[in-house]
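Some notes on the structure that comes next.
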Amino acid sequence: MAVLLVTGGAGYIGAHVAKALALARHRPVVYDNLSRGHRYAVRWGPLAIGDINDADRLDAVFRTYRPAAVLHFAASSEVSQSVRDPIAYWRNNVAGSLTLIERALANGVDRFVFSSTCAIYGTPAHIPLAEDSREAPINPYGETKLAVERLLRSAAAAYGLNAVALRYFNAAGASQTAEIGENHVPETHLVPLVLDAALDPTRSIAVFGTDYPTPDGSCIRDYVHVDDLASAHILAVEQLLRGGLTGFVGLNLGSGRGYSVLEIVKAARRITGAPITVTLQPRRAGDPAALVADATQARRVLGWEPGRSDIGIILRSAWRWSLRKDELSASELA
């Protein structure tokens with residue numbers, strides 16, 4: 001059993017990883033400022049409240065818990081917001097990560113798993129996207145994630161840091177027991193928005209662009225179940241703890257199968273039995289027509305398999321969480 005610091009562990013993906021760590025007999029210590037995360041999602045280990053830009057607070061947490069590794073999820077992640085307020089994104093995602101990496105090394109922690117994104121690639125020249133694809137982010141969110149990857153690579157070369165950056169495609173789904181799931185405020189992700197529209201017939205789903213070079217004209221994305229993402233983090237951190245991974249490694253995490261926006265709506269109608277109204281809107285600037293992962297390297301390096309990333313499994317798990325969330329009070333969801 002290892003004590004592991006999970007920054008941003010009160011958020012969507014971080015909470016699922018904390019749960020998976022506990023099931024793997026590790027002790028996750030969640031470090032979160034609760035600006036986007038939720039107290040109810042921290043139930044598999046202690047919660048230390050703090051900001052990743054607070055070096056003194058980080059030092060105190062490192063001294064108290066003596067973690068063997070850091071799993072870093074504390075980041076701002078809304079693309080459109082990053083365009084409106086890039087300074088906030090550079091301050092939190094880059095300056096905060098710099099402080100965290102510096103304090104981890106100062107406290108003798110040289111194993112690090114980073115929550116990265118396919119947004120570092122920008123508009124792809126070809127599909128599927130492999131790790132050697134050109135890195136050309138088209139928004140501040142992607143730029144900040146790429147900057148942290150480059151920082152980790154430099155720290156690995158200069159200080160002996162051992163780091164794995166896991167580049168997610170579209171995280172989706174919820175805990176199979178419906179304990180935790182997506183609960184962003186405001187919500188910007190397609191799957192929970194579609195399911196919210198299934199629960200409330202006054203809502204509709206905006207489909208941005210119907211003239212893309214795809215079979216039905218809407219954008220195609222690679223959806224990966226959050227539990228599959230969690231399993232990749234367990235494999236990565238356990239390899240780091242065994243000394244099986246050294247230096248810097250960047251890996252894609254995706255199912256390798258793309259679904260269009262309209263396919264997601266159609267599948268959600270089938271699963272929920274709700275009509276789900278759609279409104280057609282013009283394309284959004286910067287939205288690539290398709291993003292699909294080549295996750296061969298994650299399979300080879302980690303032995304990872306996205307076994308729950310069928311879109312039916314994803315939507316059914318997210319629907320169970322949506323029904324439960326709809327029954328919970330605001331105080332229970334705080």
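Order determines the names: the first chain of the structure tokens is A, the second B, and so forth; residues in each chain are numbered 1 upward, and ligands are numbered 1 upward as they are shown.
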Strand (DSSP E) positions in range 17-236 of chain A, given as a PyMOL selection string: chain A and resi 27-32+47-49+69-72+111-117+162-168+170-172+204-208+220-225
To test your reading of the structure, identify every residue in range 17-200 of chain A that backbone DSSP assigns to alpha helix (DSSP H), and report it as a PDB file with C-alpha atoms, in the first residue's frame.
```
ATOM      1  CA  VAL A  17      -9.166   7.752  -9.539  1.00  0.00           C
ATOM      2  CA  ALA A  18      -9.184   8.149  -5.745  1.00  0.00           C
ATOM      3  CA  LYS A  19     -11.836   5.443  -5.527  1.00  0.00           C
ATOM      4  CA  ALA A  20      -9.830   3.138  -7.800  1.00  0.00           C
ATOM      5  CA  LEU A  21      -6.683   3.747  -5.739  1.00  0.00           C
ATOM      6  CA  ALA A  22      -8.494   2.771  -2.552  1.00  0.00           C
ATOM      7  CA  LEU A  23      -9.842  -0.385  -4.197  1.00  0.00           C
ATOM      8  CA  ALA A  55       3.717  26.433  -1.549  1.00  0.00           C
ATOM      9  CA  ASP A  56       3.547  26.576   2.253  1.00  0.00           C
ATOM     10  CA  ARG A  57       0.305  24.590   2.379  1.00  0.00           C
ATOM     11  CA  LEU A  58       1.714  22.018  -0.042  1.00  0.00           C
ATOM     12  CA  ASP A  59       4.842  21.638   2.094  1.00  0.00           C
ATOM     13  CA  ALA A  60       2.693  21.041   5.178  1.00  0.00           C
ATOM     14  CA  VAL A  61       0.664  18.353   3.382  1.00  0.00           C
ATOM     15  CA  PHE A  62       3.793  16.648   2.046  1.00  0.00           C
ATOM     16  CA  ARG A  63       5.281  16.622   5.569  1.00  0.00           C
ATOM     17  CA  THR A  64       2.086  15.315   7.174  1.00  0.00           C
ATOM     18  CA  TYR A  65       1.248  12.484   4.768  1.00  0.00           C
ATOM     19  CA  VAL A  79     -11.952  25.567 -23.488  1.00  0.00           C
ATOM     20  CA  SER A  80     -14.207  28.576 -24.097  1.00  0.00           C
ATOM     21  CA  GLN A  81     -13.422  29.998 -20.659  1.00  0.00           C
ATOM     22  CA  SER A  82      -9.702  29.652 -21.379  1.00  0.00           C
ATOM     23  CA  VAL A  83     -10.186  31.853 -24.455  1.00  0.00           C
ATOM     24  CA  ARG A  84     -12.066  34.481 -22.430  1.00  0.00           C
ATOM     25  CA  PRO A  86      -6.280  33.022 -20.504  1.00  0.00           C
ATOM     26  CA  ILE A  87      -4.365  34.594 -17.596  1.00  0.00           C
ATOM     27  CA  ALA A  88      -6.448  32.624 -15.086  1.00  0.00           C
ATOM     28  CA  TYR A  89      -5.646  29.428 -16.993  1.00  0.00           C
ATOM     29  CA  GLY A  96       0.149  26.053 -10.028  1.00  0.00           C
ATOM     30  CA  SER A  97       1.701  22.968 -11.620  1.00  0.00           C
ATOM     31  CA  LEU A  98       5.139  24.576 -11.408  1.00  0.00           C
ATOM     32  CA  THR A  99       4.662  25.169  -7.675  1.00  0.00           C
ATOM     33  CA  LEU A 100       3.382  21.626  -7.152  1.00  0.00           C
ATOM     34  CA  ILE A 101       6.259  20.003  -9.054  1.00  0.00           C
ATOM     35  CA  GLU A 102       8.807  22.172  -7.242  1.00  0.00           C
ATOM     36  CA  ARG A 103       7.393  21.338  -3.805  1.00  0.00           C
ATOM     37  CA  ALA A 104       7.088  17.640  -4.641  1.00  0.00           C
ATOM     38  CA  LEU A 105      10.776  17.475  -5.578  1.00  0.00           C
ATOM     39  CA  ALA A 106      11.778  19.563  -2.547  1.00  0.00           C
ATOM     40  CA  PRO A 140      -5.130  28.487 -24.092  1.00  0.00           C
ATOM     41  CA  TYR A 141      -6.387  25.346 -22.335  1.00  0.00           C
ATOM     42  CA  GLY A 142      -4.405  23.100 -24.676  1.00  0.00           C
ATOM     43  CA  GLU A 143      -1.430  25.467 -24.557  1.00  0.00           C
ATOM     44  CA  THR A 144      -1.292  25.308 -20.762  1.00  0.00           C
ATOM     45  CA  LYS A 145      -1.474  21.501 -20.700  1.00  0.00           C
ATOM     46  CA  LEU A 146       1.323  21.263 -23.264  1.00  0.00           C
ATOM     47  CA  ALA A 147       3.384  23.737 -21.229  1.00  0.00           C
ATOM     48  CA  VAL A 148       3.091  21.509 -18.151  1.00  0.00           C
ATOM     49  CA  GLU A 149       4.090  18.445 -20.184  1.00  0.00           C
ATOM     50  CA  ARG A 150       7.196  20.303 -21.357  1.00  0.00           C
ATOM     51  CA  LEU A 151       7.926  21.338 -17.779  1.00  0.00           C
ATOM     52  CA  LEU A 152       7.694  17.704 -16.667  1.00  0.00           C
ATOM     53  CA  ARG A 153       9.991  16.631 -19.498  1.00  0.00           C
ATOM     54  CA  SER A 154      12.559  19.260 -18.475  1.00  0.00           C
ATOM     55  CA  ALA A 155      12.294  18.313 -14.789  1.00  0.00           C
ATOM     56  CA  ALA A 156      12.805  14.669 -15.700  1.00  0.00           C
ATOM     57  CA  ALA A 157      16.015  15.513 -17.559  1.00  0.00           C
ATOM     58  CA  ALA A 158      17.361  17.950 -14.966  1.00  0.00           C
ATOM     59  CA  TYR A 159      16.208  16.577 -11.606  1.00  0.00           C
ATOM     60  CA  LEU A 190     -22.006  16.598 -24.124  1.00  0.00           C
ATOM     61  CA  VAL A 191     -23.039  13.389 -22.338  1.00  0.00           C
ATOM     62  CA  PRO A 192     -24.394  14.999 -19.121  1.00  0.00           C
ATOM     63  CA  LEU A 193     -26.024  17.781 -21.145  1.00  0.00           C
ATOM     64  CA  VAL A 194     -27.824  15.238 -23.315  1.00  0.00           C
ATOM     65  CA  LEU A 195     -28.990  13.331 -20.236  1.00  0.00           C
ATOM     66  CA  ASP A 196     -30.105  16.541 -18.514  1.00  0.00           C
ATOM     67  CA  ALA A 197     -32.248  17.201 -21.591  1.00  0.00           C
ATOM     68  CA  ALA A 198     -33.688  13.698 -21.238  1.00  0.00           C
ATOM     69  CA  LEU A 199     -34.728  14.525 -17.668  1.00  0.00           C
TER      70      LEU A 199
END
```
I'd like a table as a tab-separated table: residues in range 38-143 of chain A with an atom no more than 9 Å from range 245-261 of chain A, each row giving the shortest atom pair and its distance in Å to one decimal, only C-alpha atoms counted, sorted by chain and rising residue number.
```
residue	atom	partner	partner_atom	distance
A:Arg111	CA	A:Thr246	CA	8.8
A:Ser116	CA	A:Gly250	CA	8.8
A:Thr117	CA	A:Asn252	CA	8.1
A:Cys118	CA	A:Asn252	CA	7.4
A:Pro128	CA	A:Gly256	CA	7.4
A:Leu129	CA	A:Asn252	CA	8.3
A:Ala130	CA	A:Asn252	CA	7.1
A:Glu131	CA	A:Leu251	CA	6.5
```
With all heavy atoms retained, write the just-selected residues as a PDB file, in the first residue's frame.
```pdb
ATOM      1  N   ARG A 111       7.915  10.912  -8.254  1.00  0.00           N
ATOM      2  CA  ARG A 111       7.017  10.148  -9.128  1.00  0.00           C
ATOM      3  C   ARG A 111       5.725  10.944  -9.301  1.00  0.00           C
ATOM      4  O   ARG A 111       5.118  11.363  -8.320  1.00  0.00           O
ATOM      5  CB  ARG A 111       6.737   8.770  -8.531  1.00  0.00           C
ATOM      6  CG  ARG A 111       7.987   7.900  -8.420  1.00  0.00           C
ATOM      7  CD  ARG A 111       7.686   6.600  -7.679  1.00  0.00           C
ATOM      8  NE  ARG A 111       8.844   5.732  -7.582  1.00  0.00           N
ATOM      9  CZ  ARG A 111       9.734   5.767  -6.602  1.00  0.00           C
ATOM     10  NH1 ARG A 111       9.584   6.650  -5.612  1.00  0.00           N
ATOM     11  NH2 ARG A 111      10.766   4.945  -6.594  1.00  0.00           N
ATOM     12  N   SER A 116      -3.394  15.023 -18.559  1.00  0.00           N
ATOM     13  CA  SER A 116      -3.224  15.859 -19.741  1.00  0.00           C
ATOM     14  C   SER A 116      -4.400  15.663 -20.686  1.00  0.00           C
ATOM     15  O   SER A 116      -5.455  15.152 -20.293  1.00  0.00           O
ATOM     16  CB  SER A 116      -1.880  15.564 -20.416  1.00  0.00           C
ATOM     17  OG  SER A 116      -1.568  16.553 -21.383  1.00  0.00           O
ATOM     18  N   THR A 117      -4.251  16.056 -21.933  1.00  0.00           N
ATOM     19  CA  THR A 117      -5.396  16.121 -22.834  1.00  0.00           C
ATOM     20  C   THR A 117      -4.977  16.010 -24.290  1.00  0.00           C
ATOM     21  O   THR A 117      -3.865  16.415 -24.667  1.00  0.00           O
ATOM     22  CB  THR A 117      -6.140  17.454 -22.636  1.00  0.00           C
ATOM     23  OG1 THR A 117      -7.159  17.581 -23.639  1.00  0.00           O
ATOM     24  CG2 THR A 117      -5.202  18.640 -22.781  1.00  0.00           C
ATOM     25  N   CYS A 118      -5.902  15.513 -25.113  1.00  0.00           N
ATOM     26  CA  CYS A 118      -5.656  15.496 -26.552  1.00  0.00           C
ATOM     27  C   CYS A 118      -5.673  16.895 -27.147  1.00  0.00           C
ATOM     28  O   CYS A 118      -5.290  17.082 -28.315  1.00  0.00           O
ATOM     29  CB  CYS A 118      -6.686  14.616 -27.253  1.00  0.00           C
ATOM     30  SG  CYS A 118      -8.397  15.220 -27.158  1.00  0.00           S
ATOM     31  N   PRO A 128      -6.344   8.107 -36.826  1.00  0.00           N
ATOM     32  CA  PRO A 128      -6.342   8.496 -35.416  1.00  0.00           C
ATOM     33  C   PRO A 128      -5.049   9.216 -35.021  1.00  0.00           C
ATOM     34  O   PRO A 128      -4.048   9.160 -35.747  1.00  0.00           O
ATOM     35  CB  PRO A 128      -6.472   7.151 -34.691  1.00  0.00           C
ATOM     36  CG  PRO A 128      -5.795   6.177 -35.609  1.00  0.00           C
ATOM     37  CD  PRO A 128      -6.125   6.653 -36.993  1.00  0.00           C
ATOM     38  N   LEU A 129      -5.096   9.856 -33.854  1.00  0.00           N
ATOM     39  CA  LEU A 129      -3.962  10.614 -33.344  1.00  0.00           C
ATOM     40  C   LEU A 129      -3.068   9.721 -32.503  1.00  0.00           C
ATOM     41  O   LEU A 129      -3.503   9.124 -31.520  1.00  0.00           O
ATOM     42  CB  LEU A 129      -4.456  11.766 -32.470  1.00  0.00           C
ATOM     43  CG  LEU A 129      -4.952  13.017 -33.199  1.00  0.00           C
ATOM     44  CD1 LEU A 129      -5.870  13.813 -32.296  1.00  0.00           C
ATOM     45  CD2 LEU A 129      -3.767  13.869 -33.637  1.00  0.00           C
ATOM     46  N   ALA A 130      -1.799   9.634 -32.887  1.00  0.00           N
ATOM     47  CA  ALA A 130      -0.803   8.919 -32.091  1.00  0.00           C
ATOM     48  C   ALA A 130       0.068   9.928 -31.358  1.00  0.00           C
ATOM     49  O   ALA A 130      -0.008  11.152 -31.595  1.00  0.00           O
ATOM     50  CB  ALA A 130       0.047   8.024 -32.984  1.00  0.00           C
ATOM     51  N   GLU A 131       0.922   9.436 -30.468  1.00  0.00           N
ATOM     52  CA  GLU A 131       1.738  10.319 -29.631  1.00  0.00           C
ATOM     53  C   GLU A 131       2.763  11.125 -30.426  1.00  0.00           C
ATOM     54  O   GLU A 131       3.254  12.150 -29.942  1.00  0.00           O
ATOM     55  CB  GLU A 131       2.447   9.516 -28.536  1.00  0.00           C
ATOM     56  CG  GLU A 131       1.536   9.042 -27.421  1.00  0.00           C
ATOM     57  CD  GLU A 131       0.768   7.781 -27.737  1.00  0.00           C
ATOM     58  OE1 GLU A 131       0.901   7.263 -28.873  1.00  0.00           O
ATOM     59  OE2 GLU A 131       0.030   7.294 -26.860  1.00  0.00           O
TER      60      GLU A 131
END
```
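For the residues A:Gln176, A:Leu240, A:Asp211, A:Ala290, ranking by smallest atom-to-atom distance to Leu315 in chain A using only C-alpha atoms places A:Gln176 first.
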Within 9 Å of range 323-326 of chain A, which residues of range 96-206 of chain A come that close, and what is the closest atom pair and distance in Å for each? Count only C-alpha atoms and give it as a tab-separated table.
```
residue	atom	partner	partner_atom	distance
A:Ala178	CA	A:Arg324	CA	7.1
A:Glu179	CA	A:Arg324	CA	8.5
A:Ile180	CA	A:Lys325	CA	8.9
A:Gly181	CA	A:Lys325	CA	8.7
A:Asn183	CA	A:Lys325	CA	8.5
A:Leu199	CA	A:Leu323	CA	8.1
```
Residue among A:Arg39, A:His126, A:Arg316, A:Arg308 lying closest to Ala289 in chain A, counting only C-alpha atoms: A:His126
Which of A:Ala230, A:Ile49, A:Val185, A:Ala293 sits closest to His16 in chain A [using only C-alpha atoms]: A:Ala230
Within 8 Å of range 300-306 of chain A using only C-alpha atoms, minus same-chain residues under 6 positions, as number ranges by chain: A: 224-225, 228-229, 231-232, 235-236, 239, 254-255
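Distances to Gly8 in chain A were evaluated for A:Pro215, A:Pro28, A:Gly273, A:Gly243 using only C-alpha atoms, and the minimum falls at A:Pro28.
Residues with any atom within 6 Å of Gly122 in chain A, counting only C-alpha atoms and excluding same-chain neighbours fewer than 6 positions away, are A:Ala136, A:Pro137, A:Ile138.
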Keeping only N, CA, C and O atoms, write those residues as a JSON list (two decimals), in the first residue's frame.
```
[["chain", "number", "residue", "atom", "x", "y", "z"],
["A", 136, "ALA", "N", 0.14, 21.16, -31.61],
["A", 136, "ALA", "CA", -0.18, 22.52, -32.05],
["A", 136, "ALA", "C", -1.53, 22.94, -31.48],
["A", 136, "ALA", "O", -2.52, 23.06, -32.20],
["A", 137, "PRO", "N", -1.61, 23.15, -30.14],
["A", 137, "PRO", "CA", -2.90, 23.51, -29.53],
["A", 137, "PRO", "C", -3.47, 24.79, -30.10],
["A", 137, "PRO", "O", -2.73, 25.69, -30.50],
["A", 138, "ILE", "N", -4.80, 24.86, -30.13],
["A", 138, "ILE", "CA", -5.47, 26.01, -30.75],
["A", 138, "ILE", "C", -6.24, 26.84, -29.74],
["A", 138, "ILE", "O", -7.02, 27.71, -30.12]]
```
Counting only C-alpha atoms, the option among A:Arg43, A:Asp222, A:Ser175, A:Leu280 closest to Asp310 in chain A: A:Asp222
Selection near Ala69 in chain A, 8 Å with only C-alpha atoms, sequence-local residues under 3 positions removed, as JSON, numbers by chain: {"A": [3, 4, 5, 109, 110, 111, 112, 113, 237, 241]}
Shortest interatomic distance to Arg320 in chain A - which of A:Gly160, A:Gly209, A:Gly173, A:Gly45, counting only C-alpha atoms: A:Gly173
